[in-house]
Amino acid sequence: MSKKTLFDKVWDSHVVSSIENGPQILYIDRHLIHEVTSPQAFNELENRGIPIFRPNQIVATADHNTPTLNQDQPIKDTLSRKQLEQLSENCKKNNITLYELGHKYNGIVHVMAPELGITQPGITMVCGDSHTSTHGAFGAIAFGIGTSQVAQVFASQCLLLKKPKSLRVIVNGKLKKGVLPKDVILYIISKLGTNSGTGYFCEYAGSVFENMSMEGRMTVCNMSIEMGARGGMIAPDETTFEYIKEREFAPKGEDFEKQLAYWKTLPSDEGAVFDKEYTFEAGDIEPMVTYGTNPGMGIKITESIPLEDNASFQKSLKYMDFKAGERLIDKPINYVFIGSCTNSRIEDFRVAANYIKGKQKAENVTAWLVPGSKQVEAQIIAEGLKDIFDEAGFELRQPGCSACLAMNDDKIPQGEYCVSTSNRNFEGRQGQGSRTILASPLVAAATAVEGKIIDITKHLN
Amino acid sequence: MEKFTTLKSTTIPLNIENVDTDQIIPARFLKATDKKGFGDNVFRDWRYNKDGSVNTGFVLNDSRFSGSILVAGNNFGCGSSREHAAWAIVGYGFKVVVSSFFADIFKGNALNNGLLPVQVSEQFLSDLFNEIASNPQTLVEVNLEDQVISVEGKDLSEKFEIDAYKKTCLINGYDDIDYLINNKELIEAFEAQKTY
């Protein structure tokens, strides 16, 4: 039998049929939806008189366009309110489970689904959001789709797709102190560039990922799309199974055992061939920051911005008001955001709290801590982390996508830098004219305490 | 979906690499629940200055350039899955985007909206930018049937790739929903005998 990759195994078992010289019909097990990319898909089906084919395989949440303050009160912005009302109405009409604002399971779609046990190894999962790649951390095929495709899944629980090529990124060795999963993925993207993964599904392998928590693996897979890969995957193992067990929608008892036996067959076969492969050493990775306007423009926090002579690079530095050759250490920073589907899980807040404990936020800094879900929020409070944040002058807000894409009121002002744990540093991403520096929760916390970027490696006990 | 066969038009050159979907349509314009009106806000923060005045330095505001073909730098459409980006480009009046590389999700979204992404070689793109710069009235023809893009009156043309199924869809104005619904029986049979 031919050797198969993890990706091959999951993909091949979901192919309904293949069109000659064309795409395949791929079956989708779980469909996650949110308020921003679903309304036009619901309209499309309604206009064409097509019913939703499998409503019980869809789960909805409100996250992109929700306020992170006073969630119990009516939303002031009319358009935002209408968009959320539309989601509630669409879900009600079509018998779709919805965790709306205020619900105990509400949260960012890519935080909510894993913590409820909806995300499982070996399944196919889609959502009208490019960071759906997050769920690949469980050994699932998970990827972002456009609204036309949301409508296709509504209508048929399937998509027409060409099988992507396979890519493997291997990182072996031991990570240095203060180097977090976010640094690992920012490092990989800085080495490979923003389009190296386009047309590929990426498997992350090696001891670094094997030793990572599920939260860390999600951070890594989350940013696969930032190097162009539609999805990222990590082989399911004991860490995965332990995480899923006993979660709300995880299989229970005998069912769990049966699934477990299947999940254990999923890792790539020894000797399976990938179309492209890259290998890195854990010891070469250090805390990272970005200096430009795409996630590939990253450097080690102690490094200088490279010298490059091309128009797009110059345009990017001009927007950021940085100069080639300069370092970011000691740059004053007035905004810090810890949140987003990349870094808003409990582990991220533990890292931040651990650093912040006994220190004070710098006076010049506005620091927003935005949990990924109601459950994470509850955990922050239960573990006493909120007290640490409060005492240090940080503001813990309510769950949502928040300042990652600034659709709501959480906008970074014109011209200001924000050290952010989110995933994109595009021009204006966090508000018109805002300047984003991507980093780990540890670097973000340290920046908030110091009011400037510091060499975190010198500040660790 | 509107049918696409051939198109001859002048072009608008956007010689910038890694144009992301946040530039094509910023997130603050994603609150609509229908597909209308996004064209008004395409490249919003490049077309307008911070004070709301028109940025005359941006190519969409340069009266020398017009047409329904957008010619853009490498890795066009990276970032978010928002189909609003494709709706905005179509809404503005573009029918073709030419680049040396397209991000995956954007490419799919474009094809699902009758917007043809034409992927050309770096060399062809560079030559095309030069032609347009020296003569903004340069006419470019895109022939989907033959899969050829050519510059009128010049010895400059190239064949481009497109998935055979997607080509048929564009030429006939079909979309994927029609195809999938016609295969419901196959899908139900698959569900009944899933092996995982």
# chains A, B, ... in the order shown; residues from 1 in each chain; ligands from 1
call {"tool": "residues_around", "arguments": {"residues": "Leu180 (chain B)", "least_positions_apart": "2", "cutoff": "10 Å", "atoms": "only C-alpha atoms", "output": "compact mmCIF listing (two decimals) with N, CA and C atoms, in the first residue's frame"}}
result
# COMPACT_ATOMS: atom_id res chain seq x y z
N ILE A 25 -15.67 16.34 -5.24
CA ILE A 25 -16.71 16.72 -4.29
C ILE A 25 -16.22 16.25 -2.92
N GLN A 152 -22.67 26.93 -0.69
CA GLN A 152 -22.56 25.57 -1.23
C GLN A 152 -22.66 24.52 -0.13
N VAL A 153 -22.00 24.79 0.99
CA VAL A 153 -22.05 23.84 2.10
C VAL A 153 -23.46 23.83 2.71
N ALA A 155 -26.13 24.22 1.07
CA ALA A 155 -27.00 23.53 0.12
C ALA A 155 -26.71 22.04 0.01
N SER A 156 -25.46 21.63 0.27
CA SER A 156 -25.10 20.24 -0.05
C SER A 156 -24.17 19.56 0.95
N GLN A 157 -23.71 20.30 1.97
CA GLN A 157 -22.73 19.78 2.94
C GLN A 157 -21.43 19.36 2.24
N CYS A 158 -21.23 19.89 1.02
CA CYS A 158 -20.03 19.54 0.25
C CYS A 158 -19.43 20.78 -0.40
N LEU A 159 -18.20 20.63 -0.87
CA LEU A 159 -17.53 21.67 -1.64
C LEU A 159 -16.87 21.04 -2.85
N LEU A 160 -16.73 21.82 -3.91
CA LEU A 160 -16.00 21.36 -5.09
C LEU A 160 -14.58 21.89 -4.97
N ASP B 175 -22.91 28.02 -11.64
CA ASP B 175 -22.15 28.05 -10.40
C ASP B 175 -22.15 26.68 -9.72
N ASP B 176 -21.31 26.56 -8.67
CA ASP B 176 -21.10 25.26 -8.03
C ASP B 176 -22.35 24.71 -7.35
N ILE B 177 -23.20 25.59 -6.88
CA ILE B 177 -24.41 25.11 -6.18
C ILE B 177 -25.23 24.23 -7.11
N ASP B 178 -25.41 24.68 -8.35
CA ASP B 178 -26.18 23.88 -9.31
C ASP B 178 -25.59 22.48 -9.41
N ASN B 182 -27.30 18.85 -8.00
CA ASN B 182 -27.59 17.77 -8.95
C ASN B 182 -26.93 16.45 -8.54
N ASN B 183 -26.05 16.52 -7.56
CA ASN B 183 -25.37 15.30 -7.09
C ASN B 183 -25.81 14.87 -5.69
N LYS B 184 -26.98 15.34 -5.29
CA LYS B 184 -27.50 15.04 -3.95
C LYS B 184 -27.52 13.55 -3.64
N GLU B 185 -27.92 12.75 -4.63
CA GLU B 185 -28.02 11.30 -4.38
C GLU B 185 -26.67 10.70 -4.02
N LEU B 186 -25.66 11.14 -4.75
CA LEU B 186 -24.29 10.68 -4.46
C LEU B 186 -23.88 11.07 -3.05
N ILE B 187 -24.22 12.28 -2.67
CA ILE B 187 -23.85 12.80 -1.36
C ILE B 187 -24.56 12.01 -0.26
call {"tool": "select_by_dssp", "arguments": {"residues": "region 116-360 of chain A", "states": "strand (DSSP E)", "output": "number ranges by chain"}}
result
A: 124-127, 141-144, 158-161, 165-172, 200-205, 231-233, 276-281, 288-290, 298-300, 335-338
call {"tool": "interface_residues", "arguments": {"of": "chain B", "to": "chain A", "cutoff": "7 Å", "atoms": "only C-alpha atoms", "output": "PDB file with N, CA and C atoms, in the first residue's frame"}}
result
ATOM      1  N   ILE B  16       1.709  47.046  -7.046  1.00  0.00           N
ATOM      2  CA  ILE B  16       2.049  46.835  -5.632  1.00  0.00           C
ATOM      3  C   ILE B  16       1.957  45.336  -5.371  1.00  0.00           C
ATOM      4  N   GLU B  17       2.925  44.801  -4.619  1.00  0.00           N
ATOM      5  CA  GLU B  17       2.892  43.369  -4.282  1.00  0.00           C
ATOM      6  C   GLU B  17       2.098  43.134  -3.004  1.00  0.00           C
ATOM      7  N   ASP B  22      -7.684  43.276   3.221  1.00  0.00           N
ATOM      8  CA  ASP B  22      -8.006  44.424   4.073  1.00  0.00           C
ATOM      9  C   ASP B  22      -7.834  45.739   3.305  1.00  0.00           C
ATOM     10  N   ALA B  27     -12.219  46.203   6.896  1.00  0.00           N
ATOM     11  CA  ALA B  27     -13.196  45.477   7.725  1.00  0.00           C
ATOM     12  C   ALA B  27     -14.393  46.328   8.130  1.00  0.00           C
ATOM     13  N   ARG B  28     -14.190  47.646   8.269  1.00  0.00           N
ATOM     14  CA  ARG B  28     -15.313  48.460   8.752  1.00  0.00           C
ATOM     15  C   ARG B  28     -16.455  48.518   7.740  1.00  0.00           C
ATOM     16  N   LEU B  30     -17.656  45.780   6.322  1.00  0.00           N
ATOM     17  CA  LEU B  30     -18.184  44.418   6.189  1.00  0.00           C
ATOM     18  C   LEU B  30     -19.487  44.207   6.950  1.00  0.00           C
ATOM     19  N   LYS B  31     -20.128  45.286   7.331  1.00  0.00           N
ATOM     20  CA  LYS B  31     -21.325  45.134   8.156  1.00  0.00           C
ATOM     21  C   LYS B  31     -22.605  44.913   7.358  1.00  0.00           C
ATOM     22  N   THR B  33     -25.436  43.187   4.961  1.00  0.00           N
ATOM     23  CA  THR B  33     -25.943  41.816   4.886  1.00  0.00           C
ATOM     24  C   THR B  33     -26.324  41.446   3.454  1.00  0.00           C
ATOM     25  N   ASP B  34     -26.018  42.327   2.490  1.00  0.00           N
ATOM     26  CA  ASP B  34     -26.191  41.946   1.083  1.00  0.00           C
ATOM     27  C   ASP B  34     -24.888  42.210   0.324  1.00  0.00           C
ATOM     28  N   LYS B  35     -24.902  41.988  -0.989  1.00  0.00           N
ATOM     29  CA  LYS B  35     -23.653  42.096  -1.746  1.00  0.00           C
ATOM     30  C   LYS B  35     -23.491  43.448  -2.436  1.00  0.00           C
ATOM     31  N   ASN B  75       1.174  38.072  -5.688  1.00  0.00           N
ATOM     32  CA  ASN B  75       0.442  37.632  -4.480  1.00  0.00           C
ATOM     33  C   ASN B  75      -0.766  38.518  -4.183  1.00  0.00           C
ATOM     34  N   GLY B  79      -4.582  37.190   2.599  1.00  0.00           N
ATOM     35  CA  GLY B  79      -5.263  37.583   3.829  1.00  0.00           C
ATOM     36  C   GLY B  79      -6.583  36.894   4.020  1.00  0.00           C
ATOM     37  N   SER B  80      -7.546  37.689   4.423  1.00  0.00           N
ATOM     38  CA  SER B  80      -8.855  37.211   4.852  1.00  0.00           C
ATOM     39  C   SER B  80      -9.637  36.490   3.758  1.00  0.00           C
ATOM     40  N   SER B  81     -10.611  35.665   4.178  1.00  0.00           N
ATOM     41  CA  SER B  81     -11.443  34.917   3.227  1.00  0.00           C
ATOM     42  C   SER B  81     -12.615  35.754   2.719  1.00  0.00           C
ATOM     43  N   ARG B  82     -12.734  36.973   3.198  1.00  0.00           N
ATOM     44  CA  ARG B  82     -13.902  37.804   2.881  1.00  0.00           C
ATOM     45  C   ARG B  82     -14.172  37.876   1.379  1.00  0.00           C
ATOM     46  N   GLU B  83     -15.322  37.370   0.974  1.00  0.00           N
ATOM     47  CA  GLU B  83     -15.707  37.423  -0.437  1.00  0.00           C
ATOM     48  C   GLU B  83     -16.085  38.851  -0.820  1.00  0.00           C
ATOM     49  N   ALA B 103      -3.621  34.711  -4.200  1.00  0.00           N
ATOM     50  CA  ALA B 103      -3.874  33.929  -2.990  1.00  0.00           C
ATOM     51  C   ALA B 103      -5.058  32.999  -3.277  1.00  0.00           C
ATOM     52  N   ASP B 104      -4.989  31.817  -2.659  1.00  0.00           N
ATOM     53  CA  ASP B 104      -5.979  30.752  -2.880  1.00  0.00           C
ATOM     54  C   ASP B 104      -7.443  31.145  -2.749  1.00  0.00           C
ATOM     55  N   ILE B 105      -7.766  31.653  -1.569  1.00  0.00           N
ATOM     56  CA  ILE B 105      -9.189  31.871  -1.264  1.00  0.00           C
ATOM     57  C   ILE B 105      -9.730  32.972  -2.166  1.00  0.00           C
ATOM     58  N   ASN B 109     -12.915  32.823  -4.687  1.00  0.00           N
ATOM     59  CA  ASN B 109     -14.011  33.787  -4.536  1.00  0.00           C
ATOM     60  C   ASN B 109     -14.251  34.548  -5.838  1.00  0.00           C
ATOM     61  N   ASN B 112     -16.036  32.438  -8.356  1.00  0.00           N
ATOM     62  CA  ASN B 112     -17.439  32.243  -7.977  1.00  0.00           C
ATOM     63  C   ASN B 112     -18.283  33.486  -8.217  1.00  0.00           C
ATOM     64  N   ASP B 163      -8.641  26.004 -14.381  1.00  0.00           N
ATOM     65  CA  ASP B 163      -9.265  24.705 -14.172  1.00  0.00           C
ATOM     66  C   ASP B 163     -10.370  24.503 -15.220  1.00  0.00           C
ATOM     67  N   ALA B 164     -10.365  23.322 -15.877  1.00  0.00           N
ATOM     68  CA  ALA B 164     -11.301  23.074 -16.979  1.00  0.00           C
ATOM     69  C   ALA B 164     -12.763  23.206 -16.533  1.00  0.00           C
ATOM     70  N   TYR B 165     -13.025  22.741 -15.315  1.00  0.00           N
ATOM     71  CA  TYR B 165     -14.399  22.811 -14.800  1.00  0.00           C
ATOM     72  C   TYR B 165     -14.827  24.271 -14.584  1.00  0.00           C
ATOM     73  N   ASP B 176     -21.314  26.559  -8.673  1.00  0.00           N
ATOM     74  CA  ASP B 176     -21.100  25.259  -8.030  1.00  0.00           C
ATOM     75  C   ASP B 176     -22.347  24.706  -7.347  1.00  0.00           C
ATOM     76  N   ILE B 177     -23.200  25.594  -6.882  1.00  0.00           N
ATOM     77  CA  ILE B 177     -24.406  25.111  -6.180  1.00  0.00           C
ATOM     78  C   ILE B 177     -25.233  24.226  -7.106  1.00  0.00           C
ATOM     79  N   LEU B 180     -23.591  20.828  -7.345  1.00  0.00           N
ATOM     80  CA  LEU B 180     -23.669  20.021  -6.118  1.00  0.00           C
ATOM     81  C   LEU B 180     -25.079  19.496  -5.873  1.00  0.00           C
ATOM     82  N   ILE B 181     -26.055  20.358  -6.107  1.00  0.00           N
ATOM     83  CA  ILE B 181     -27.435  19.934  -5.856  1.00  0.00           C
ATOM     84  C   ILE B 181     -27.837  18.801  -6.805  1.00  0.00           C
ATOM     85  N   LYS B 184     -26.980  15.343  -5.292  1.00  0.00           N
ATOM     86  CA  LYS B 184     -27.500  15.036  -3.948  1.00  0.00           C
ATOM     87  C   LYS B 184     -27.522  13.545  -3.644  1.00  0.00           C
ATOM     88  N   LEU B 186     -25.658  11.135  -4.750  1.00  0.00           N
ATOM     89  CA  LEU B 186     -24.294  10.679  -4.464  1.00  0.00           C
ATOM     90  C   LEU B 186     -23.881  11.068  -3.047  1.00  0.00           C
ATOM     91  N   ILE B 187     -24.225  12.281  -2.675  1.00  0.00           N
ATOM     92  CA  ILE B 187     -23.846  12.800  -1.357  1.00  0.00           C
ATOM     93  C   ILE B 187     -24.564  12.012  -0.255  1.00  0.00           C
ATOM     94  N   PHE B 190     -23.018   8.694   0.110  1.00  0.00           N
ATOM     95  CA  PHE B 190     -21.740   8.807   0.830  1.00  0.00           C
ATOM     96  C   PHE B 190     -21.991   8.876   2.339  1.00  0.00           C
TER      97      PHE B 190
END
call {"tool": "select_by_dssp", "arguments": {"residues": "region 30-114 of chain B", "states": "helix (DSSP H, G or I)", "output": "number ranges by chain"}}
result
B: 38-41, 44-47, 59-61, 84-92, 104-111
call {"tool": "closest_residue", "arguments": {"among": "A:Ser344, A:Ser440, A:Asn56, A:Thr66", "to": "Glu286 (chain A)", "atoms": "only C-alpha atoms"}}
result
A:Ser440
call {"tool": "residues_around", "arguments": {"residues": "Phe129 (chain B)", "least_positions_apart": "2", "cutoff": "10 Å", "atoms": "only C-alpha atoms", "output": "list in words"}}
result
Thr11, Ile12, Pro13, Leu14, Asn15, Val71, Ala72, Gly73, Gln123, Phe124, Leu125, Ser126, Asp127, Glu131, Ile132, Ala133, Ser134, Asn135 and Pro136 of chain B
call {"tool": "write_last_selection", "arguments": {"atoms": "C-alpha atoms", "output": "CSV table (one decimal), in the first residue's frame"}}
result
chain,number,residue,atom,x,y,z
B,11,THR,CA,-6.4,48.6,-17.9
B,12,ILE,CA,-5.7,50.1,-14.4
B,13,PRO,CA,-2.2,49.2,-13.2
B,14,LEU,CA,-1.7,48.6,-9.5
B,15,ASN,CA,2.0,47.9,-9.3
B,71,VAL,CA,-3.3,44.6,-13.4
B,72,ALA,CA,-1.7,44.0,-10.0
B,73,GLY,CA,1.6,43.0,-8.4
B,123,GLN,CA,8.2,38.6,-17.1
B,124,PHE,CA,4.9,39.1,-18.8
B,125,LEU,CA,3.5,41.1,-15.9
B,126,SER,CA,6.6,43.3,-15.9
B,127,ASP,CA,6.4,43.9,-19.7
B,131,GLU,CA,3.5,48.9,-21.8
B,132,ILE,CA,0.7,50.5,-19.7
B,133,ALA,CA,3.1,53.0,-18.2
B,134,SER,CA,4.3,54.1,-21.6
B,135,ASN,CA,0.8,54.1,-23.1
B,136,PRO,CA,-2.2,54.2,-20.7
call {"tool": "residues_around", "arguments": {"residues": "Leu111 (chain B)", "least_positions_apart": "6", "cutoff": "8 Å", "atoms": "only C-alpha atoms", "output": "PyMOL selection string"}}
result
chain B and resi 117+166+170
call {"tool": "residues_around", "arguments": {"residues": "region 90-101 of chain B", "least_positions_apart": "2", "cutoff": "8 Å", "atoms": "only C-alpha atoms", "output": "JSON, numbers by chain"}}
result
{"B": [36, 37, 38, 39, 40, 42, 67, 68, 69, 70, 71, 72, 73, 74, 75, 76, 86, 87, 88, 103, 113, 114, 115, 116, 117, 118, 119, 120, 121, 122, 125]}
call {"tool": "write_last_selection", "arguments": {"atoms": "N, CA and C atoms", "output": "PDB file, in the first residue's frame"}}
result
ATOM      1  N   LYS B  36     -24.425  44.349  -2.197  1.00  0.00           N
ATOM      2  CA  LYS B  36     -24.423  45.611  -2.955  1.00  0.00           C
ATOM      3  C   LYS B  36     -23.533  46.680  -2.324  1.00  0.00           C
ATOM      4  N   GLY B  37     -23.042  47.556  -3.172  1.00  0.00           N
ATOM      5  CA  GLY B  37     -22.396  48.782  -2.688  1.00  0.00           C
ATOM      6  C   GLY B  37     -20.931  48.673  -2.314  1.00  0.00           C
ATOM      7  N   PHE B  38     -20.360  47.472  -2.356  1.00  0.00           N
ATOM      8  CA  PHE B  38     -18.963  47.332  -1.944  1.00  0.00           C
ATOM      9  C   PHE B  38     -17.996  48.029  -2.911  1.00  0.00           C
ATOM     10  N   GLY B  39     -18.413  48.160  -4.185  1.00  0.00           N
ATOM     11  CA  GLY B  39     -17.569  48.816  -5.184  1.00  0.00           C
ATOM     12  C   GLY B  39     -17.214  50.245  -4.793  1.00  0.00           C
ATOM     13  N   ASP B  40     -18.118  50.918  -4.099  1.00  0.00           N
ATOM     14  CA  ASP B  40     -17.868  52.305  -3.694  1.00  0.00           C
ATOM     15  C   ASP B  40     -16.681  52.403  -2.736  1.00  0.00           C
ATOM     16  N   VAL B  42     -14.063  50.068  -2.581  1.00  0.00           N
ATOM     17  CA  VAL B  42     -12.889  49.274  -2.953  1.00  0.00           C
ATOM     18  C   VAL B  42     -11.622  50.131  -2.803  1.00  0.00           C
ATOM     19  N   GLY B  67     -10.828  51.339 -17.274  1.00  0.00           N
ATOM     20  CA  GLY B  67     -11.046  50.044 -17.912  1.00  0.00           C
ATOM     21  C   GLY B  67     -11.492  48.983 -16.936  1.00  0.00           C
ATOM     22  N   SER B  68     -11.799  47.814 -17.481  1.00  0.00           N
ATOM     23  CA  SER B  68     -12.336  46.754 -16.627  1.00  0.00           C
ATOM     24  C   SER B  68     -11.317  45.645 -16.353  1.00  0.00           C
ATOM     25  N   ILE B  69     -10.033  45.937 -16.617  1.00  0.00           N
ATOM     26  CA  ILE B  69      -8.975  44.980 -16.269  1.00  0.00           C
ATOM     27  C   ILE B  69      -8.049  45.628 -15.248  1.00  0.00           C
ATOM     28  N   LEU B  70      -7.912  44.971 -14.097  1.00  0.00           N
ATOM     29  CA  LEU B  70      -6.991  45.440 -13.068  1.00  0.00           C
ATOM     30  C   LEU B  70      -5.709  44.625 -13.186  1.00  0.00           C
ATOM     31  N   VAL B  71      -4.573  45.320 -13.316  1.00  0.00           N
ATOM     32  CA  VAL B  71      -3.292  44.617 -13.403  1.00  0.00           C
ATOM     33  C   VAL B  71      -2.546  44.881 -12.097  1.00  0.00           C
ATOM     34  N   ALA B  72      -2.251  43.811 -11.340  1.00  0.00           N
ATOM     35  CA  ALA B  72      -1.709  43.998  -9.990  1.00  0.00           C
ATOM     36  C   ALA B  72      -0.436  43.198  -9.765  1.00  0.00           C
ATOM     37  N   GLY B  73       0.316  43.610  -8.744  1.00  0.00           N
ATOM     38  CA  GLY B  73       1.579  42.965  -8.393  1.00  0.00           C
ATOM     39  C   GLY B  73       1.384  41.570  -7.811  1.00  0.00           C
ATOM     40  N   ASN B  74       2.511  40.907  -7.577  1.00  0.00           N
ATOM     41  CA  ASN B  74       2.541  39.524  -7.112  1.00  0.00           C
ATOM     42  C   ASN B  74       1.738  39.287  -5.823  1.00  0.00           C
ATOM     43  N   ASN B  75       1.174  38.072  -5.688  1.00  0.00           N
ATOM     44  CA  ASN B  75       0.442  37.632  -4.480  1.00  0.00           C
ATOM     45  C   ASN B  75      -0.766  38.518  -4.183  1.00  0.00           C
ATOM     46  N   PHE B  76      -1.601  38.708  -5.184  1.00  0.00           N
ATOM     47  CA  PHE B  76      -2.782  39.551  -5.025  1.00  0.00           C
ATOM     48  C   PHE B  76      -3.868  38.815  -4.234  1.00  0.00           C
ATOM     49  N   ALA B  86     -13.980  40.299  -3.456  1.00  0.00           N
ATOM     50  CA  ALA B  86     -14.353  40.032  -4.850  1.00  0.00           C
ATOM     51  C   ALA B  86     -15.574  40.878  -5.239  1.00  0.00           C
ATOM     52  N   TRP B  87     -16.551  40.980  -4.323  1.00  0.00           N
ATOM     53  CA  TRP B  87     -17.733  41.797  -4.623  1.00  0.00           C
ATOM     54  C   TRP B  87     -17.337  43.253  -4.854  1.00  0.00           C
ATOM     55  N   ALA B  88     -16.357  43.740  -4.096  1.00  0.00           N
ATOM     56  CA  ALA B  88     -15.930  45.141  -4.226  1.00  0.00           C
ATOM     57  C   ALA B  88     -15.257  45.371  -5.584  1.00  0.00           C
ATOM     58  N   ALA B 103      -3.621  34.711  -4.200  1.00  0.00           N
ATOM     59  CA  ALA B 103      -3.874  33.929  -2.990  1.00  0.00           C
ATOM     60  C   ALA B 103      -5.058  32.999  -3.277  1.00  0.00           C
ATOM     61  N   ASN B 113     -17.645  34.579  -8.631  1.00  0.00           N
ATOM     62  CA  ASN B 113     -18.381  35.813  -8.896  1.00  0.00           C
ATOM     63  C   ASN B 113     -18.176  36.313 -10.317  1.00  0.00           C
ATOM     64  N   GLY B 114     -17.731  35.432 -11.193  1.00  0.00           N
ATOM     65  CA  GLY B 114     -17.567  35.806 -12.596  1.00  0.00           C
ATOM     66  C   GLY B 114     -16.418  36.754 -12.852  1.00  0.00           C
ATOM     67  N   LEU B 115     -15.524  36.876 -11.863  1.00  0.00           N
ATOM     68  CA  LEU B 115     -14.337  37.722 -12.018  1.00  0.00           C
ATOM     69  C   LEU B 115     -13.182  36.789 -12.375  1.00  0.00           C
ATOM     70  N   LEU B 116     -12.550  37.038 -13.518  1.00  0.00           N
ATOM     71  CA  LEU B 116     -11.522  36.109 -13.995  1.00  0.00           C
ATOM     72  C   LEU B 116     -10.133  36.501 -13.495  1.00  0.00           C
ATOM     73  N   PRO B 117      -9.506  35.643 -12.668  1.00  0.00           N
ATOM     74  CA  PRO B 117      -8.124  35.893 -12.271  1.00  0.00           C
ATOM     75  C   PRO B 117      -7.191  35.302 -13.330  1.00  0.00           C
ATOM     76  N   VAL B 118      -6.391  36.146 -13.968  1.00  0.00           N
ATOM     77  CA  VAL B 118      -5.476  35.669 -15.008  1.00  0.00           C
ATOM     78  C   VAL B 118      -4.063  35.681 -14.444  1.00  0.00           C
ATOM     79  N   GLN B 119      -3.508  34.482 -14.245  1.00  0.00           N
ATOM     80  CA  GLN B 119      -2.164  34.396 -13.687  1.00  0.00           C
ATOM     81  C   GLN B 119      -1.140  34.313 -14.809  1.00  0.00           C
ATOM     82  N   VAL B 120      -0.224  35.289 -14.825  1.00  0.00           N
ATOM     83  CA  VAL B 120       0.793  35.367 -15.879  1.00  0.00           C
ATOM     84  C   VAL B 120       2.193  35.247 -15.269  1.00  0.00           C
ATOM     85  N   SER B 121       3.193  35.102 -16.127  1.00  0.00           N
ATOM     86  CA  SER B 121       4.571  35.004 -15.630  1.00  0.00           C
ATOM     87  C   SER B 121       5.034  36.368 -15.117  1.00  0.00           C
ATOM     88  N   GLU B 122       6.049  36.351 -14.273  1.00  0.00           N
ATOM     89  CA  GLU B 122       6.619  37.602 -13.739  1.00  0.00           C
ATOM     90  C   GLU B 122       7.077  38.497 -14.895  1.00  0.00           C
ATOM     91  N   LEU B 125       4.144  40.055 -16.715  1.00  0.00           N
ATOM     92  CA  LEU B 125       3.547  41.097 -15.877  1.00  0.00           C
ATOM     93  C   LEU B 125       4.401  42.368 -15.931  1.00  0.00           C
TER      94      LEU B 125
END
call {"tool": "atom_distance", "arguments": {"atom1": "CA of Arg30 (chain A)", "atom2": "CA of Ile118 (chain A)"}}
result
8.1 Å
call {"tool": "residues_around", "arguments": {"residues": "region 265-280 of chain A", "least_positions_apart": "4", "cutoff": "8 Å", "atoms": "only C-alpha atoms", "output": "PyMOL selection string"}}
result
chain A and resi 3-7+9-10+122+139+165-172+235-236+261+284
call {"tool": "residues_around", "arguments": {"residues": "region 53-63 of chain B", "least_positions_apart": "2", "cutoff": "9 Å", "atoms": "only C-alpha atoms", "output": "NGL selection string"}}
result
:B and (12-14 or 43 or 46-51 or 65-66)
call {"tool": "write_last_selection", "arguments": {"atoms": "N, CA, C and O atoms", "output": "CSV table (one decimal), in the first residue's frame"}}
result
chain,number,residue,atom,x,y,z
B,12,ILE,N,-6.2,49.3,-15.6
B,12,ILE,CA,-5.7,50.1,-14.4
B,12,ILE,C,-4.5,49.3,-13.8
B,12,ILE,O,-4.7,48.2,-13.3
B,13,PRO,N,-3.3,49.9,-13.8
B,13,PRO,CA,-2.2,49.2,-13.2
B,13,PRO,C,-2.0,49.5,-11.7
B,13,PRO,O,-1.9,50.7,-11.3
B,14,LEU,N,-2.0,48.5,-10.9
B,14,LEU,CA,-1.7,48.6,-9.5
B,14,LEU,C,-0.5,47.9,-9.2
B,14,LEU,O,-0.5,46.7,-8.8
B,43,PHE,N,-10.6,49.6,-2.2
B,43,PHE,CA,-9.3,50.3,-2.0
B,43,PHE,C,-9.6,51.6,-1.3
B,43,PHE,O,-8.8,52.6,-1.5
B,46,TRP,N,-6.7,53.7,0.2
B,46,TRP,CA,-5.7,54.2,-0.7
B,46,TRP,C,-6.3,55.2,-1.6
B,46,TRP,O,-5.6,56.1,-2.1
B,47,ARG,N,-7.6,55.1,-1.9
B,47,ARG,CA,-8.3,56.1,-2.8
B,47,ARG,C,-8.5,57.5,-2.1
B,47,ARG,O,-8.5,58.5,-2.7
B,48,TYR,N,-8.7,57.4,-0.8
B,48,TYR,CA,-9.0,58.7,0.0
B,48,TYR,C,-7.9,59.0,1.0
B,48,TYR,O,-7.4,58.0,1.6
B,49,ASN,N,-7.6,60.2,1.2
B,49,ASN,CA,-6.7,60.6,2.3
B,49,ASN,C,-7.4,60.5,3.6
B,49,ASN,O,-8.6,60.4,3.7
B,50,LYS,N,-6.6,60.7,4.7
B,50,LYS,CA,-7.1,60.5,6.0
B,50,LYS,C,-8.2,61.6,6.3
B,50,LYS,O,-9.1,61.3,7.1
B,51,ASP,N,-8.1,62.7,5.7
B,51,ASP,CA,-9.1,63.8,5.9
B,51,ASP,C,-10.3,63.6,5.0
B,51,ASP,O,-11.2,64.4,5.0
B,65,PHE,N,-5.9,56.5,-16.5
B,65,PHE,CA,-6.2,55.1,-16.5
B,65,PHE,C,-7.7,54.7,-16.2
B,65,PHE,O,-8.3,55.3,-15.4
B,66,SER,N,-8.2,53.8,-17.0
B,66,SER,CA,-9.6,53.3,-16.8
B,66,SER,C,-9.7,52.0,-17.4
B,66,SER,O,-8.8,51.5,-18.1
call {"tool": "closest_residue", "arguments": {"among": "A:Ser18, A:Asn47, A:Ser190, A:Asn222", "to": "Lys163 (chain A)", "atoms": "only C-alpha atoms"}}
result
A:Ser18
